[in-house]
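Visitor: After the structure tokens below, expect a handful of questions from me.
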Amino acid sequence: MTLNLLLIAGGYLFGSISTAIIVCKLMGLPDPRTQGSRNPGATNVARLGGKKAAALTLAGDLLKGLVPVLIARALHADPGILAATALAAFLGHLYPVFFGFQGGKGVATALGVIYGLHWPVGLLCTGIWLVMALVFRYSSLAALTAILLAPLGFMWLLPEMPIVIAMVVLTVLLFWRHRSNIANLMSGAEDKITFGGRRKT
């Protein structure tokens, strides 16, 4: 019981380490919570500091979801504790205790969680994101589509009910955090992306 609680609490605390804020501080950039979209995530950090800062933020956010789940797996946690640890890491990113509960939108951390739970589903989500991003040029639409299909991926490839439920909760929370992006997509105001060029609008 104590180990299970430590895994869940550790997942939340690890997820609460805001990579975006730390990277911006170390690189002398503005606090991402006060500039640009005011979202402490890789996309906003790219606006403030360029590709290197964004890559560091993306890697850190992925690891925040991946590492706690891998630790729980290494300690042979049962599916319920594994699911709770994964969800706790994701919640830590959304509502970090170390940074006034002002977190990011969760796409990279969610992907890290998914890879930790079952890497084939992670590859599936990554593939969906790439296809959607290439075809429609909207990063938010690509991310939302990939995450929306993640619970179905787990039902197909790893049908453990606690994990499927955790993925449904994660998906609902991620959509909630992207409500402004969804509104922009519906109104045609969402920024488009390019690969290797300047961002389109």
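A note on labels: chains of the structure tokens are A, B, ... as shown, every chain counts residues from 1, and ligands are counted from 1 in their shown order.
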Please provide the set of residues having any atom within 7 Å of segment 157-172 of chain A, restricted to only C-alpha atoms, with same-chain residues fewer than 6 positions apart removed, written as a VMD selection string.

Guide: chain A and resid 79 to 80 83 87 147 to 148 151

Visitor: Just N, CA and C atoms for this one: save the residues we selected as a short mmCIF file (atom, residue, chain, number, x, y, z; two decimals), in the first residue's frame.

Guide:
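Generated output (selection.cif):
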```
data_model
loop_
_atom_site.label_atom_id
_atom_site.label_comp_id
_atom_site.auth_asym_id
_atom_site.auth_seq_id
_atom_site.Cartn_x
_atom_site.Cartn_y
_atom_site.Cartn_z
N PRO A 79 -2.45 -3.14 -12.82
CA PRO A 79 -3.00 -2.19 -13.80
C PRO A 79 -3.67 -0.97 -13.17
N GLY A 80 -4.33 -1.14 -12.02
CA GLY A 80 -4.98 -0.01 -11.37
C GLY A 80 -3.98 1.03 -10.90
N ALA A 83 -2.32 2.72 -13.92
CA ALA A 83 -3.22 3.72 -14.50
C ALA A 83 -3.26 4.98 -13.64
N LEU A 87 -2.07 8.76 -14.72
CA LEU A 87 -2.98 9.90 -14.64
C LEU A 87 -2.45 10.97 -13.71
N ILE A 147 -5.13 11.89 -29.60
CA ILE A 147 -5.48 11.53 -28.22
C ILE A 147 -6.90 10.97 -28.15
N LEU A 148 -7.79 11.48 -28.99
CA LEU A 148 -9.17 10.98 -29.00
C LEU A 148 -9.21 9.49 -29.34
N PRO A 151 -7.81 5.95 -26.42
CA PRO A 151 -8.55 4.93 -25.66
C PRO A 151 -8.95 3.73 -26.51
#
```

Visitor: Write out, as CSV, each residue of segment 54-82 of chain A that has an atom at most 6 Å from segment 106-117 of chain A, together with the closest pair of atoms and their distance in Å to one decimal, counting only C-alpha atoms, rows going by chain and rising number.

Guide:
```
residue,atom,partner,partner_atom,distance
A:Asp61,CA,A:Thr109,CA,5.0
A:Leu62,CA,A:Gly112,CA,4.4
A:Gly65,CA,A:Val113,CA,4.3
A:Leu66,CA,A:Gly112,CA,4.4
A:Val69,CA,A:Gly116,CA,5.4
A:Leu70,CA,A:Gly116,CA,5.6
```

Visitor: Only C-alpha atoms, please: the residues just picked out, written as a PDB file, in the first residue's frame.

Guide:
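Output (again18.pdb):
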```pdb
ATOM      1  CA  ASP A  61       7.404  17.085 -20.997  1.00  0.00           C
ATOM      2  CA  LEU A  62       7.530  13.667 -22.668  1.00  0.00           C
ATOM      3  CA  GLY A  65       4.828  11.227 -18.488  1.00  0.00           C
ATOM      4  CA  LEU A  66       7.127   8.385 -19.456  1.00  0.00           C
ATOM      5  CA  VAL A  69       4.987   4.950 -15.683  1.00  0.00           C
ATOM      6  CA  LEU A  70       8.179   3.046 -16.470  1.00  0.00           C
TER       7      LEU A  70
END
```

Visitor: Take atom CA of Lys105 of chain A and atom CA of Arg177 of chain A and report the distance between them in Å, one decimal.

Guide: 5.4 Å

Visitor: Between atom CA of Ile193 of chain A and atom CA of Ser139 of chain A, what is the distance in Å, rounded to a tenth?

Guide: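 So the two atoms, atom CA of Ile193 of chain A and atom CA of Ser139 of chain A, lie 6.7 Å apart.
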
Visitor: Listing only residues of segment 76-178 of chain A within 9 Å of segment 19-38 of chain A, what is the closest atom pair and its distance in Å (to one decimal) for each, using only C-alpha atoms, sorted by chain and residue number ascending, as CSV?

Guide:
```
residue,atom,partner,partner_atom,distance
A:Phe99,CA,A:Ile21,CA,8.7
A:Gln102,CA,A:Arg33,CA,7.7
A:Gly103,CA,A:Arg33,CA,8.6
A:Gly104,CA,A:Ala20,CA,8.6
```

Visitor: Record the distance separating atom CA of Lys192 of chain A and atom CA of Ala59 of chain A, expressed in Å with one decimal.

Guide: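 Atom-to-atom, atom CA of Lys192 of chain A to atom CA of Ala59 of chain A, that is 22.3 Å.
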
Visitor: Extract, using only C-alpha atoms, all DNA, RNA and protein residues at most 6 Å from Ala143 of chain A, discarding same-chain residues fewer than 3 positions from it, and format them as an MDAnalysis selection string.

Guide: chainID A and resid 129 140 146

Visitor: How about saving the chosen residues, C-alpha atoms kept, as a PDB file, in the first residue's frame?

Guide:
```
ATOM      1  CA  TRP A 129      -0.559  13.175 -35.318  1.00  0.00           C
ATOM      2  CA  SER A 140      -3.981  21.239 -32.104  1.00  0.00           C
ATOM      3  CA  ALA A 146      -4.504  11.386 -31.889  1.00  0.00           C
TER       4      ALA A 146
END
```

Visitor: Out of A:Ala9, A:Met132, A:Ala142, A:Met186, which residue has the shortest atom-to-atom distance to Pro68 of chain A when counting only C-alpha atoms?

Guide: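 Of A:Ala9, A:Met132, A:Ala142, A:Met186, the one nearest Pro68 of chain A is A:Ala9, counting only C-alpha atoms.
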
Visitor: Just list the residues in segment 2-194 of chain A DSSP gives helix (DSSP H, G or I) on the backbone, as a ChimeraX atom specification.

Guide: /A:2-15,19-26,42-49,51-74,79-94,97-99,107-117,119-136,139-157,161-177,179-187

Visitor: Please determine, counting only C-alpha atoms, which residue among A:Leu123, A:Leu7, A:Ser16, A:Arg73 has the shortest atom-to-atom distance to Gly100 of chain A.

Guide: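 Going through A:Leu123, A:Leu7, A:Ser16, A:Arg73 one by one, the smallest distance to Gly100 of chain A is for A:Ser16.
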